[in-house]
$ cat structure_20.cif   # mmCIF, C-alpha atoms
data_input
#
loop_
_atom_site.label_atom_id
_atom_site.label_comp_id
_atom_site.auth_asym_id
_atom_site.auth_seq_id
_atom_site.Cartn_x
_atom_site.Cartn_y
_atom_site.Cartn_z
CA MET A 240 1.95 -17.84 -10.71
CA SER A 241 3.29 -21.01 -9.12
CA PRO A 242 1.65 -24.39 -9.82
CA THR A 243 0.34 -24.49 -6.24
CA THR A 244 -1.24 -21.04 -6.37
CA GLN A 245 -3.93 -20.32 -8.89
CA VAL A 246 -7.18 -18.53 -9.48
CA ARG A 247 -9.94 -20.62 -11.08
CA LEU A 248 -13.08 -18.97 -12.39
CA LEU A 249 -15.78 -21.64 -12.80
CA TRP A 250 -18.91 -20.68 -14.68
CA LEU A 251 -21.72 -23.18 -15.39
CA GLY A 252 -24.39 -22.81 -18.08
CA ALA A 253 -24.48 -24.07 -21.62
CA CYS A 254 -24.71 -20.60 -23.19
CA ALA A 255 -22.62 -18.63 -20.72
CA VAL A 256 -19.53 -17.01 -22.14
CA LEU A 257 -16.82 -15.44 -20.02
CA ALA A 258 -14.95 -12.66 -21.81
CA ALA A 259 -11.75 -11.68 -20.05
CA PHE A 260 -9.26 -9.33 -21.57
CA VAL A 261 -6.39 -7.09 -20.57
CA ILE A 262 -6.66 -3.32 -21.02
CA GLY A 263 -4.04 -0.89 -19.80
CA GLY A 264 -2.37 -3.53 -17.69
CA GLY A 265 -5.58 -4.53 -15.87
CA ILE A 266 -7.88 -7.53 -16.25
CA TYR A 267 -11.48 -6.69 -17.06
CA VAL A 268 -14.35 -9.15 -17.10
CA ALA A 269 -17.25 -8.34 -19.37
CA ASN A 270 -20.12 -9.28 -17.08
CA SER A 271 -22.65 -8.44 -19.77
CA PHE A 272 -21.70 -11.64 -21.58
CA VAL A 273 -22.44 -13.84 -18.56
CA GLU A 274 -25.93 -15.03 -17.71
CA ASP A 275 -26.85 -16.46 -14.31
CA PRO A 276 -23.30 -17.03 -13.06
CA GLU A 277 -22.66 -19.72 -10.50
CA PRO A 278 -20.39 -18.97 -7.51
CA ILE A 279 -16.76 -18.29 -8.27
CA VAL A 280 -14.25 -20.66 -6.71
CA VAL A 281 -10.99 -18.95 -5.78
CA GLN A 282 -8.38 -21.59 -5.05
CA ILE A 283 -5.76 -19.84 -2.95
CA ALA A 284 -3.77 -22.95 -2.02
CA PRO A 285 -4.19 -26.66 -2.74
CA ALA A 286 -5.81 -27.31 0.64
CA SER A 287 -7.71 -24.03 0.93
CA THR A 288 -10.52 -23.05 -1.44
CA THR A 289 -12.62 -19.95 -0.88
CA THR A 290 -16.00 -19.73 -2.59
CA VAL A 291 -16.88 -16.20 -3.58
CA SER A 292 -20.63 -15.76 -4.09
CA ALA A 293 -22.05 -14.19 -7.20
CA GLU A 294 -22.99 -11.16 -5.09
CA LEU A 295 -19.29 -10.21 -5.10
CA LEU A 296 -19.56 -9.45 -8.79
CA VAL A 297 -19.64 -5.66 -8.53
CA ASP A 298 -21.01 -3.71 -11.49
CA PRO A 299 -20.25 -0.91 -11.50
CA ALA A 300 -17.36 -0.71 -9.06
CA PRO A 301 -18.26 1.46 -6.04
CA PRO A 302 -16.76 4.98 -5.83
CA ARG A 303 -13.49 5.39 -3.99
CA SER A 304 -13.30 7.25 -0.67
CA VAL A 305 -10.82 7.96 2.12
CA ASP A 306 -12.42 5.24 4.26
CA PRO A 307 -9.78 2.55 3.50
CA TYR A 308 -7.15 4.79 5.12
CA ARG A 309 -9.01 4.72 8.43
CA GLY A 310 -8.16 2.31 11.21
CA TYR A 311 -5.68 -0.54 11.22
CA GLY A 312 -3.71 -1.35 8.08
CA THR A 313 -0.76 -3.47 7.05
CA TRP A 314 1.76 -3.51 4.20
CA ALA A 315 3.27 -5.86 1.63
CA ASP A 316 5.79 -5.00 -1.07
CA VAL A 317 6.86 -6.93 -4.17
CA PHE A 318 9.76 -8.49 -2.26
CA ASP A 319 7.19 -10.12 0.02
CA PHE A 320 4.62 -11.54 -2.40
CA ASP A 321 5.92 -11.51 -5.99
CA PRO A 322 8.07 -14.51 -7.02
CA ALA A 323 9.74 -12.32 -9.66
CA TYR A 324 11.60 -10.68 -6.77
CA ASN A 325 11.77 -13.24 -3.94
CA PRO A 326 10.22 -16.54 -2.89
CA PRO A 327 6.90 -15.30 -1.48
CA THR A 328 6.57 -14.92 2.29
CA VAL A 329 3.14 -13.26 2.00
CA THR A 330 0.38 -14.83 -0.09
CA ALA A 331 -3.33 -14.38 -0.65
CA ALA A 332 -3.91 -17.03 2.01
CA ASP A 333 -2.49 -14.62 4.60
CA VAL A 334 -5.33 -12.16 4.03
CA ALA A 335 -7.61 -14.32 6.18
CA GLU A 336 -5.22 -14.00 9.13
CA MET A 337 -4.98 -10.26 8.57
CA ALA A 338 -8.76 -10.01 8.69
CA ASP A 339 -8.98 -12.19 11.80
CA LEU A 340 -6.60 -9.77 13.55
CA GLY A 341 -8.65 -6.73 12.63
CA VAL A 342 -6.72 -5.43 9.63
CA ARG A 343 -9.05 -3.22 7.61
CA THR A 344 -6.73 -2.42 4.71
CA LEU A 345 -3.83 -4.07 2.92
CA TYR A 346 -1.42 -1.61 1.30
CA LEU A 347 -0.01 -3.53 -1.65
CA GLN A 348 2.86 -2.56 -3.95
CA ALA A 349 1.12 -3.42 -7.20
CA ALA A 350 3.40 -1.70 -9.74
CA ARG A 351 7.14 -1.26 -10.17
CA LEU A 352 9.55 0.44 -12.56
CA ASP A 353 12.29 -2.10 -13.23
CA ASP A 354 13.20 -5.00 -15.49
CA ARG A 355 11.40 -7.60 -13.35
CA THR A 356 8.07 -5.87 -13.94
CA PRO A 357 8.42 -4.93 -17.61
CA GLU A 358 4.71 -4.21 -18.13
CA GLY A 359 4.52 -1.86 -15.17
CA LEU A 360 1.99 -3.79 -13.11
CA VAL A 361 2.82 -6.84 -11.06
CA ASP A 362 1.56 -10.10 -12.62
CA PRO A 363 -2.17 -9.35 -13.17
CA TRP A 364 -3.21 -12.85 -12.10
CA LEU A 365 -1.29 -12.44 -8.86
CA LEU A 366 -3.06 -9.13 -8.25
CA THR A 367 -6.38 -10.80 -9.09
CA GLU A 368 -5.73 -13.45 -6.48
CA MET A 369 -4.96 -10.84 -3.81
CA LEU A 370 -7.99 -8.71 -4.70
CA LEU A 371 -10.44 -11.60 -4.61
CA ALA A 372 -9.01 -12.96 -1.36
CA ALA A 373 -9.37 -9.48 0.17
CA ALA A 374 -12.93 -9.15 -1.14
CA ALA A 375 -13.84 -12.48 0.44
CA GLU A 376 -12.54 -11.22 3.82
CA ASP A 377 -13.93 -7.68 3.51
CA VAL A 378 -10.42 -6.23 3.55
CA ALA A 379 -9.77 -3.13 1.46
CA VAL A 380 -6.71 -2.98 -0.81
CA VAL A 381 -4.83 0.26 -1.50
CA ALA A 382 -2.33 -0.10 -4.35
CA TRP A 383 0.89 1.88 -4.09
CA TYR A 384 3.73 2.69 -6.44
CA LEU A 385 7.24 4.12 -6.01
CA PRO A 386 7.91 6.66 -8.79
CA ARG A 387 11.51 7.03 -9.94
CA PHE A 388 11.05 10.58 -11.28
CA GLU A 389 12.71 9.84 -14.60
CA GLU A 390 12.04 11.93 -17.68
CA GLY A 391 8.96 10.79 -19.52
CA THR A 392 5.54 9.42 -18.59
CA GLU A 393 6.33 5.96 -17.21
CA ASP A 394 5.52 6.89 -13.61
CA LEU A 395 2.14 8.35 -14.52
CA GLU A 396 1.34 5.40 -16.80
CA ARG A 397 1.79 3.01 -13.89
CA LEU A 398 -0.44 5.05 -11.61
CA VAL A 399 -3.09 5.15 -14.35
CA ALA A 400 -2.84 1.37 -14.70
CA LEU A 401 -3.36 0.95 -10.95
CA SER A 402 -6.38 3.23 -11.05
CA ASP A 403 -7.88 1.35 -14.00
CA PHE A 404 -7.14 -2.22 -12.90
CA GLU A 405 -10.38 -4.13 -12.46
CA VAL A 406 -11.43 -7.75 -12.14
CA LEU A 407 -15.00 -9.01 -11.74
CA GLY A 408 -16.00 -5.45 -10.94
CA HIS A 409 -13.42 -5.11 -8.17
CA ARG A 410 -10.91 -2.27 -8.25
CA PHE A 411 -8.23 -1.23 -5.82
CA ASP A 412 -9.97 0.71 -3.07
CA GLY A 413 -7.36 3.43 -3.32
CA VAL A 414 -4.13 4.45 -5.02
CA ALA A 415 -1.19 5.93 -3.12
CA VAL A 416 2.11 7.37 -4.32
CA ASP A 417 5.29 6.41 -2.44
CA ILE A 418 7.24 9.67 -2.61
CA GLU A 419 10.77 8.92 -1.45
CA TRP A 420 13.05 8.01 -4.38
CA ILE A 421 16.27 10.06 -4.32
CA GLY A 422 18.45 7.68 -6.32
CA PRO A 423 19.72 7.92 -9.90
CA ASP A 424 17.76 7.11 -13.00
CA ARG A 425 18.01 3.65 -14.56
CA ALA A 426 21.01 4.75 -16.61
CA GLY A 427 22.81 5.57 -13.37
CA ASP A 428 22.71 9.32 -13.83
CA PRO A 429 21.82 11.36 -10.73
CA ILE A 430 18.65 13.43 -10.55
CA ASP A 431 19.21 16.72 -8.76
CA ASP A 432 16.80 17.85 -6.05
CA GLU A 433 15.25 20.67 -8.06
CA THR A 434 14.58 18.42 -11.06
CA ARG A 435 13.13 15.72 -8.81
CA SER A 436 10.80 18.23 -7.19
CA GLN A 437 9.68 19.57 -10.57
CA ARG A 438 8.93 16.05 -11.79
CA LEU A 439 7.01 15.27 -8.59
CA VAL A 440 4.88 18.38 -9.13
CA GLN A 441 4.29 17.40 -12.78
CA LEU A 442 3.42 13.82 -11.81
CA THR A 443 1.02 15.07 -9.15
CA ALA A 444 -0.68 17.38 -11.63
CA GLY A 445 -1.15 14.53 -14.09
CA LEU A 446 -2.44 12.26 -11.36
CA ALA A 447 -4.98 14.89 -10.32
CA ILE A 448 -6.46 14.82 -13.83
CA VAL A 449 -6.55 11.02 -13.91
CA ALA A 450 -7.98 10.59 -10.41
CA GLY A 451 -10.78 13.08 -10.82
CA ASP A 452 -12.90 12.81 -7.67
CA ASP A 453 -11.06 9.73 -6.41
CA PRO A 454 -9.03 10.37 -3.23
CA VAL A 455 -5.29 9.83 -3.58
CA GLY A 456 -2.80 9.01 -0.81
CA ALA A 457 0.72 10.45 -0.47
CA ILE A 458 3.26 8.24 1.27
CA VAL A 459 5.89 10.78 2.28
CA PRO A 460 9.16 11.09 4.19
CA PRO A 461 8.39 12.23 7.75
CA PRO A 462 9.20 15.96 7.96
CA VAL A 463 11.39 15.33 10.99
CA GLN A 464 13.69 13.35 8.71
CA THR A 465 13.92 16.02 6.01
CA GLU A 466 13.88 19.09 8.26
CA VAL A 467 15.80 17.97 11.36
CA ILE A 468 17.69 14.70 11.02
CA ASN A 469 18.93 14.89 7.43
CA THR A 470 18.28 18.22 5.72
CA SER A 471 20.18 17.03 2.63
CA PHE A 472 17.74 14.15 2.00
CA TRP A 473 15.40 16.20 -0.20
CA PRO A 474 15.99 19.95 0.13
CA GLY A 475 13.08 22.08 -1.02
CA PHE A 476 10.49 19.30 -0.85
CA PRO A 477 7.50 20.92 -2.66
CA TRP A 478 4.86 20.54 0.04
CA ASP A 479 2.89 23.62 -0.93
CA GLU A 480 2.82 22.73 -4.64
CA ILE A 481 1.36 19.25 -4.13
CA ALA A 482 -0.78 19.95 -1.07
CA GLY A 483 -4.03 20.50 -2.95
CA VAL A 484 -4.03 17.12 -4.72
CA TYR A 485 -3.45 14.49 -2.05
CA ASP A 486 -6.32 13.65 0.28
CA VAL A 487 -4.53 11.51 2.86
CA TRP A 488 -0.91 11.83 4.02
CA LEU A 489 1.02 8.74 5.15
CA PRO A 490 4.31 9.80 6.78
CA MET A 491 6.85 6.97 7.06
CA SER A 492 7.76 7.39 10.73
CA TYR A 493 10.13 4.41 10.94
CA TRP A 494 11.62 5.15 14.34
CA SER A 495 13.59 1.89 14.53
CA PHE A 496 16.16 3.50 12.21
CA ARG A 497 16.61 6.44 14.59
CA SER A 498 19.07 6.45 17.50
CA ASP A 499 17.96 6.91 21.09
CA SER A 500 20.30 9.90 21.37
CA SER A 501 18.38 11.69 18.60
CA GLY A 502 15.23 11.67 20.71
CA TYR A 503 13.29 9.97 17.90
CA GLY A 504 14.21 6.33 18.52
CA GLU A 505 10.88 5.45 20.11
CA GLY A 506 7.32 5.07 18.95
CA TYR A 507 5.73 8.36 19.98
CA THR A 508 7.85 11.42 19.23
CA TYR A 509 8.76 10.71 15.61
CA HIS A 510 5.15 10.42 14.47
CA GLU A 511 3.78 13.16 16.71
CA GLU A 512 6.26 15.82 15.60
CA SER A 513 6.21 14.73 11.95
CA THR A 514 2.42 15.04 11.90
CA ARG A 515 2.54 18.56 13.34
CA ARG A 516 5.20 19.61 10.85
CA LEU A 517 3.39 17.95 7.92
CA ARG A 518 0.13 19.76 8.63
CA ALA A 519 2.01 23.04 8.86
CA ASN A 520 3.81 22.34 5.58
CA VAL A 521 0.59 21.63 3.67
CA GLY A 522 -1.21 24.54 5.34
CA ASP A 523 -4.01 22.44 6.80
CA PRO A 524 -4.22 21.82 10.58
CA ASP A 525 -6.88 19.18 9.91
CA ALA A 526 -5.08 17.30 7.13
CA LEU A 527 -5.96 13.60 7.18
CA VAL A 528 -3.01 11.50 8.33
CA HIS A 529 -2.48 7.75 8.40
CA GLY A 530 0.76 7.10 10.26
CA ILE A 531 3.16 4.35 9.22
CA GLY A 532 5.45 3.08 11.97
CA GLY A 533 8.08 0.42 12.31
CA ILE A 534 10.04 -1.24 10.92
CA GLY A 535 8.30 -4.49 11.87
CA GLY A 536 8.04 -5.64 15.44
CA LEU A 537 9.86 -8.00 17.81
CA ASP A 538 7.86 -9.86 20.43
CA GLY A 539 10.77 -10.80 22.69
CA VAL A 540 10.37 -14.53 22.02
CA ASP A 541 12.99 -16.22 19.85
CA ASP A 542 13.88 -12.89 18.26
CA PRO A 543 16.41 -13.08 15.41
CA PRO A 544 19.87 -12.32 16.84
CA ASP A 545 20.92 -10.19 13.89
CA PRO A 546 17.94 -8.97 11.79
CA PRO A 547 18.79 -7.43 8.41
CA GLU A 548 17.27 -4.13 9.55
CA PRO A 549 16.53 -2.65 12.98
CA LEU A 550 13.11 -3.73 14.19
CA ALA A 551 10.72 -2.08 16.63
CA THR A 552 9.63 -3.50 19.99
CA VAL A 553 6.13 -4.07 21.33
CA GLU A 554 6.54 -1.27 23.86
CA GLU A 555 7.54 1.19 21.11
CA ILE A 556 4.55 0.16 19.01
CA GLU A 557 2.24 0.77 21.96
CA ARG A 558 3.60 4.31 22.20
CA PHE A 559 3.13 4.78 18.46
CA VAL A 560 -0.57 3.94 18.76
CA VAL A 561 -0.87 6.56 21.51
CA ALA A 562 0.71 9.07 19.12
CA LEU A 563 -1.87 8.18 16.47
CA GLU A 564 -4.63 9.02 18.93
CA ASP A 565 -3.00 12.18 20.25
CA THR A 566 -2.48 13.57 16.73
CA GLY A 567 -5.98 12.72 15.56
CA SER A 568 -4.62 10.43 12.85
CA ILE A 569 -7.41 8.61 11.03
CA GLY A 570 -5.48 5.35 10.91
CA GLY A 571 -2.16 3.66 11.37
CA SER A 572 -0.04 0.70 10.37
CA ILE A 573 3.36 -0.89 10.85
CA TYR A 574 5.59 -1.56 7.87
CA ASP A 575 5.32 -4.41 7.14
CA TRP A 576 3.27 -7.58 7.70
CA ASN A 577 6.18 -9.86 6.92
CA THR A 578 8.39 -8.43 9.69
CA LEU A 579 5.74 -8.45 12.43
CA GLU A 580 6.26 -11.37 14.77
CA PRO A 581 3.10 -13.26 15.85
CA ALA A 582 2.73 -11.77 19.32
CA VAL A 583 3.16 -8.27 17.88
CA ARG A 584 0.39 -8.90 15.35
CA ALA A 585 -1.87 -10.00 18.19
CA ARG A 586 -0.96 -6.97 20.32
CA LEU A 587 -1.66 -4.60 17.42
CA ALA A 588 -5.08 -6.21 17.03
CA GLU A 589 -5.77 -5.49 20.72
CA LEU A 590 -4.54 -1.91 20.50
CA PHE A 591 -6.62 -1.00 17.47
CA ALA A 592 -9.67 -2.84 18.78
CA ALA A 593 -9.45 -0.69 21.92
#
$ encode --input "structure_20.cif" --output "structure tokens"
Amino acid sequence: MSPTTQVRLLWLGACAVLAAFVIGGGIYVANSFVEDPEPIVVQIAPASTTTVSAELLVDPAPPRSVDPYRGYGTWADVFDFDPAYNPPTVTAADVAEMADLGVRTLYLQAARLDDRTPEGLVDPWLLTEMLLAAAAEDVAVVAWYLPRFEEGTEDLERLVALSDFEVLGHRFDGVAVDIEWIGPDRAGDPIDDETRSQRLVQLTAGLAIVAGDDPVGAIVPPPVQTEVINTSFWPGFPWDEIAGVYDVWLPMSYWSFRSDSSGYGEGYTYHEESTRRLRANVGDPDALVHGIGGIGGLDGVDDPPDPPEPLATVEEIERFVVALEDTGSIGGSIYDWNTLEPAVRARLAELFAA
């Protein structure tokens, strides 16, 4: 954590003892050792201090539900907020703006499988800061992880750590699996499609045991991509074998990567058709869907002349929100917060408020 960003837990009382310890990658606070706690001061930035009342000490943590997947959400990955990957462009201070614009849920990449996150979870103090800032603004946080489908248990261990992470009684409001990795393992050896599918099924089975009654989200390639546009992306994707475990499906309908000539380079068709195909694939016409659109959004004012990736327009995003309604999706979001220009954030707030 940088010198200008810190979390300070201030407890007054001559006999009060705060016991904090790390278990399974998460920070746990033993509230039983603390008597009559004073308010917690969460210093998000030098000039901005948020006081979290003692009522936010949750014991026990409330049960998880599908509710965080409903309504308007936004996204941040490690390249946005973790200094181990990039200078942060999204911080805990931004959660207040998200809340002001009607964001109900922040989808946060809280674990990673690479050398910059050797313990599996992102810096626990950084996650603590984000969780407490979200709690202060009544914004839910769903933690997500990108499995690499390597041999062994590392993927499942990271999902378990996300499920178990707790601070001051606060947990992630949900855990979602980002199912899209088709690259090689860390040694550079390719993983064939059949092996990848088998490992996804095994991971899903293990996750079902760990999650118990907790709902789990599946962030998946949009079926239009795998069945129409690029059938070699992941042949034989095991929809039917994982269908019974995941409670909410989040297809990544990033239409800005699609050409106009394909018929999918706009905000409506890609999500609408992918949702129909997804529900057919999992054998449930009423499957809960939270659509993810994007990438990002340009507002037409001082747009970057050459963005590093193709970005969506306001008009396309408006059509995407119509598709969410027409498909009966329970929620929607644009990937990601960092690439949404200010006017687009404001327009999304209007669309979801309506």
$ closest_residue --input "structure_20.cif" --among "A:Asp428, A:Asp412, A:Asp354, A:Glu580" --to "Pro307 (chain A)" --atoms "only C-alpha atoms"
A:Asp412
$ atom_distance --input "structure_20.cif" --atom1 "CA of Gly522 (chain A)" --atom2 "CA of Leu439 (chain A)"
18.6 Å
$ residues_around --input "structure_20.cif" --residues "region 539-546 of chain A" --least-positions-apart "3" --cutoff "10 Å" --atoms "all atoms listed in the file" --output "count of residues only"
10
$ atom_distance --input "structure_20.cif" --atom1 "CA of Ser495 (chain A)" --atom2 "CA of Ile534 (chain A)"
6.0 Å
$ resolve_selection --input "structure_20.cif" --expression "the PyMOL selection byres ((chain A and resi 473) around 12)" --output "MDAnalysis selection string"
chainID A and resid 418:422 430:436 439 459:472 474:478
$ write_last_selection --input "structure_20.cif" --atoms "C-alpha atoms" --output "short mmCIF file (atom, residue, chain, number, x, y, z; two decimals), in the frame of the given file"
data_model
loop_
_atom_site.label_atom_id
_atom_site.label_comp_id
_atom_site.auth_asym_id
_atom_site.auth_seq_id
_atom_site.Cartn_x
_atom_site.Cartn_y
_atom_site.Cartn_z
CA ILE A 418 7.24 9.67 -2.61
CA GLU A 419 10.77 8.92 -1.45
CA TRP A 420 13.05 8.01 -4.38
CA ILE A 421 16.27 10.06 -4.32
CA GLY A 422 18.45 7.68 -6.32
CA ILE A 430 18.65 13.43 -10.55
CA ASP A 431 19.21 16.72 -8.76
CA ASP A 432 16.80 17.85 -6.05
CA GLU A 433 15.25 20.67 -8.06
CA THR A 434 14.58 18.42 -11.06
CA ARG A 435 13.13 15.72 -8.81
CA SER A 436 10.80 18.23 -7.19
CA LEU A 439 7.01 15.27 -8.59
CA VAL A 459 5.89 10.78 2.28
CA PRO A 460 9.16 11.09 4.19
CA PRO A 461 8.39 12.23 7.75
CA PRO A 462 9.20 15.96 7.96
CA VAL A 463 11.39 15.33 10.99
CA GLN A 464 13.69 13.35 8.71
CA THR A 465 13.92 16.02 6.01
CA GLU A 466 13.88 19.09 8.26
CA VAL A 467 15.80 17.97 11.36
CA ILE A 468 17.69 14.70 11.02
CA ASN A 469 18.93 14.89 7.43
CA THR A 470 18.28 18.22 5.72
CA SER A 471 20.18 17.03 2.63
CA PHE A 472 17.74 14.15 2.00
CA PRO A 474 15.99 19.95 0.13
CA GLY A 475 13.08 22.08 -1.02
CA PHE A 476 10.49 19.30 -0.85
CA PRO A 477 7.50 20.92 -2.66
CA TRP A 478 4.86 20.54 0.04
#
$ atom_distance --input "structure_20.cif" --atom1 "CA of Leu537 (chain A)" --atom2 "CA of Leu340 (chain A)"
17.1 Å
$ closest_residue --input "structure_20.cif" --among "A:Ala426, A:Ala350, A:Ala593, A:Ile556" --to "Phe404 (chain A)" --atoms "all atoms listed in the file"
A:Ala350
$ closest_residue --input "structure_20.cif" --among "A:Glu589, A:Asp523, A:Asp362, A:Asp417" --to "Leu398 (chain A)" --atoms "all atoms listed in the file"
A:Asp417
$ resolve_selection --input "structure_20.cif" --expression "the PyMOL selection byres ((chain A and resi 493) around 12)" --output "PyMOL selection string"
chain A and resi 459-464+489-492+494-498+503-510+513+530-536+548-551+555-556+559+572-575
$ residues_around --input "structure_20.cif" --residues "region 322-326 of chain A" --least-positions-apart "5" --cutoff "10 Å" --atoms "only C-alpha atoms" --output "PyMOL selection string"
chain A and resi 240-241+316-317+354-356+361-362+365
$ residues_around --input "structure_20.cif" --residues "Tyr311 (chain A)" --least-positions-apart "6" --cutoff "12 Å" --atoms "all atoms listed in the file" --output "PDB file with C-alpha atoms, keeping the file's coordinate frame"
ATOM      1  CA  MET A 337      -4.980 -10.260   8.570  1.00  0.00           C
ATOM      2  CA  ALA A 338      -8.760 -10.010   8.690  1.00  0.00           C
ATOM      3  CA  LEU A 340      -6.600  -9.770  13.550  1.00  0.00           C
ATOM      4  CA  GLY A 341      -8.650  -6.730  12.630  1.00  0.00           C
ATOM      5  CA  VAL A 342      -6.720  -5.430   9.630  1.00  0.00           C
ATOM      6  CA  ARG A 343      -9.050  -3.220   7.610  1.00  0.00           C
ATOM      7  CA  THR A 344      -6.730  -2.420   4.710  1.00  0.00           C
ATOM      8  CA  LEU A 345      -3.830  -4.070   2.920  1.00  0.00           C
ATOM      9  CA  TYR A 346      -1.420  -1.610   1.300  1.00  0.00           C
ATOM     10  CA  VAL A 378     -10.420  -6.230   3.550  1.00  0.00           C
ATOM     11  CA  ALA A 379      -9.770  -3.130   1.460  1.00  0.00           C
ATOM     12  CA  HIS A 529      -2.480   7.750   8.400  1.00  0.00           C
ATOM     13  CA  GLY A 530       0.760   7.100  10.260  1.00  0.00           C
ATOM     14  CA  ILE A 531       3.160   4.350   9.220  1.00  0.00           C
ATOM     15  CA  GLY A 532       5.450   3.080  11.970  1.00  0.00           C
ATOM     16  CA  VAL A 560      -0.570   3.940  18.760  1.00  0.00           C
ATOM     17  CA  LEU A 563      -1.870   8.180  16.470  1.00  0.00           C
ATOM     18  CA  SER A 568      -4.620  10.430  12.850  1.00  0.00           C
ATOM     19  CA  ILE A 569      -7.410   8.610  11.030  1.00  0.00           C
ATOM     20  CA  GLY A 570      -5.480   5.350  10.910  1.00  0.00           C
ATOM     21  CA  GLY A 571      -2.160   3.660  11.370  1.00  0.00           C
ATOM     22  CA  SER A 572      -0.040   0.700  10.370  1.00  0.00           C
ATOM     23  CA  ILE A 573       3.360  -0.890  10.850  1.00  0.00           C
ATOM     24  CA  TYR A 574       5.590  -1.560   7.870  1.00  0.00           C
ATOM     25  CA  TRP A 576       3.270  -7.580   7.700  1.00  0.00           C
ATOM     26  CA  ARG A 584       0.390  -8.900  15.350  1.00  0.00           C
ATOM     27  CA  LEU A 587      -1.660  -4.600  17.420  1.00  0.00           C
ATOM     28  CA  ALA A 588      -5.080  -6.210  17.030  1.00  0.00           C
ATOM     29  CA  GLU A 589      -5.770  -5.490  20.720  1.00  0.00           C
ATOM     30  CA  LEU A 590      -4.540  -1.910  20.500  1.00  0.00           C
ATOM     31  CA  PHE A 591      -6.620  -1.000  17.470  1.00  0.00           C
ATOM     32  CA  ALA A 592      -9.670  -2.840  18.780  1.00  0.00           C
ATOM     33  CA  ALA A 593      -9.450  -0.690  21.920  1.00  0.00           C
TER      34      ALA A 593
END
$ resolve_selection --input "structure_20.cif" --expression "the PyMOL selection byres ((chain A and resi 373) around 12)" --output "ChimeraX atom specification"
/A:281,283,289,291,295,330-339,342-347,366-372,374-381,409-412
$ axis_aligned_box --input "structure_20.cif" --around "region 438-448 of chain A" --padding-each-side "3 Å" --output "AutoDock Vina command-line options"
--center_x 1.2 --center_y 15.3 --center_z -11.3 --size_x 21.4 --size_y 12.1 --size_z 11.5
$ residues_near_point --input "structure_20.cif" --point "(-3.3, 8.6, -12.6)" --cutoff "8 Å" --atoms "only C-alpha atoms" --output "list in words"
Leu395, Glu396, Arg397, Leu398, Val399, Ala400, Leu401, Ser402, Gly445, Leu446, Ala447, Ile448, Val449 and Ala450 of chain A
$ residues_around --input "structure_20.cif" --residues "Val305 (chain A)" --least-positions-apart "3" --cutoff "10 Å" --atoms "only C-alpha atoms" --output "ChimeraX atom specification"
/A:308-309,412-413,453-456,486-487,527,569
$ write_last_selection --input "structure_20.cif" --atoms "C-alpha atoms" --output "tab-separated table (two decimals), keeping the file's coordinate frame"
chain	number	residue	atom	x	y	z
A	308	TYR	CA	-7.15	4.79	5.12
A	309	ARG	CA	-9.01	4.72	8.43
A	412	ASP	CA	-9.97	0.71	-3.07
A	413	GLY	CA	-7.36	3.43	-3.32
A	453	ASP	CA	-11.06	9.73	-6.41
A	454	PRO	CA	-9.03	10.37	-3.23
A	455	VAL	CA	-5.29	9.83	-3.58
A	456	GLY	CA	-2.80	9.01	-0.81
A	486	ASP	CA	-6.32	13.65	0.28
A	487	VAL	CA	-4.53	11.51	2.86
A	527	LEU	CA	-5.96	13.60	7.18
A	569	ILE	CA	-7.41	8.61	11.03
$ closest_residue --input "structure_20.cif" --among "A:Arg425, A:Val484, A:Ala315, A:Val561" --to "Trp383 (chain A)" --atoms "all atoms listed in the file"
A:Ala315
$ build_atoms --input "structure_20.cif" --residues "region 345-353 of chain A" --atoms "N, CA and C atoms" --output "mmCIF file, keeping the file's coordinate frame"
data_model
loop_
_atom_site.group_PDB
_atom_site.id
_atom_site.type_symbol
_atom_site.label_atom_id
_atom_site.label_comp_id
_atom_site.auth_asym_id
_atom_site.auth_seq_id
_atom_site.Cartn_x
_atom_site.Cartn_y
_atom_site.Cartn_z
ATOM 1 N N LEU A 345 -5.147 -3.605 3.354
ATOM 2 C CA LEU A 345 -3.830 -4.070 2.920
ATOM 3 C C LEU A 345 -3.280 -3.070 1.912
ATOM 4 N N TYR A 346 -2.116 -2.512 2.224
ATOM 5 C CA TYR A 346 -1.420 -1.610 1.300
ATOM 6 C C TYR A 346 -0.438 -2.461 0.497
ATOM 7 N N LEU A 347 -0.691 -2.564 -0.807
ATOM 8 C CA LEU A 347 -0.010 -3.530 -1.650
ATOM 9 C C LEU A 347 0.762 -2.830 -2.763
ATOM 10 N N GLN A 348 2.065 -3.106 -2.853
ATOM 11 C CA GLN A 348 2.860 -2.560 -3.950
ATOM 12 C C GLN A 348 2.504 -3.320 -5.220
ATOM 13 N N ALA A 349 1.682 -2.712 -6.055
ATOM 14 C CA ALA A 349 1.120 -3.420 -7.200
ATOM 15 C C ALA A 349 1.749 -3.018 -8.528
ATOM 16 N N ALA A 350 2.708 -2.106 -8.513
ATOM 17 C CA ALA A 350 3.400 -1.700 -9.740
ATOM 18 C C ALA A 350 4.845 -1.389 -9.381
ATOM 19 N N ARG A 351 5.701 -1.449 -10.401
ATOM 20 C CA ARG A 351 7.140 -1.260 -10.170
ATOM 21 C C ARG A 351 7.759 -0.773 -11.480
ATOM 22 N N LEU A 352 8.824 -0.022 -11.376
ATOM 23 C CA LEU A 352 9.550 0.440 -12.560
ATOM 24 C C LEU A 352 10.934 -0.201 -12.551
ATOM 25 N N ASP A 353 11.011 -1.415 -13.075
ATOM 26 C CA ASP A 353 12.290 -2.100 -13.230
ATOM 27 C C ASP A 353 12.125 -3.265 -14.196
#
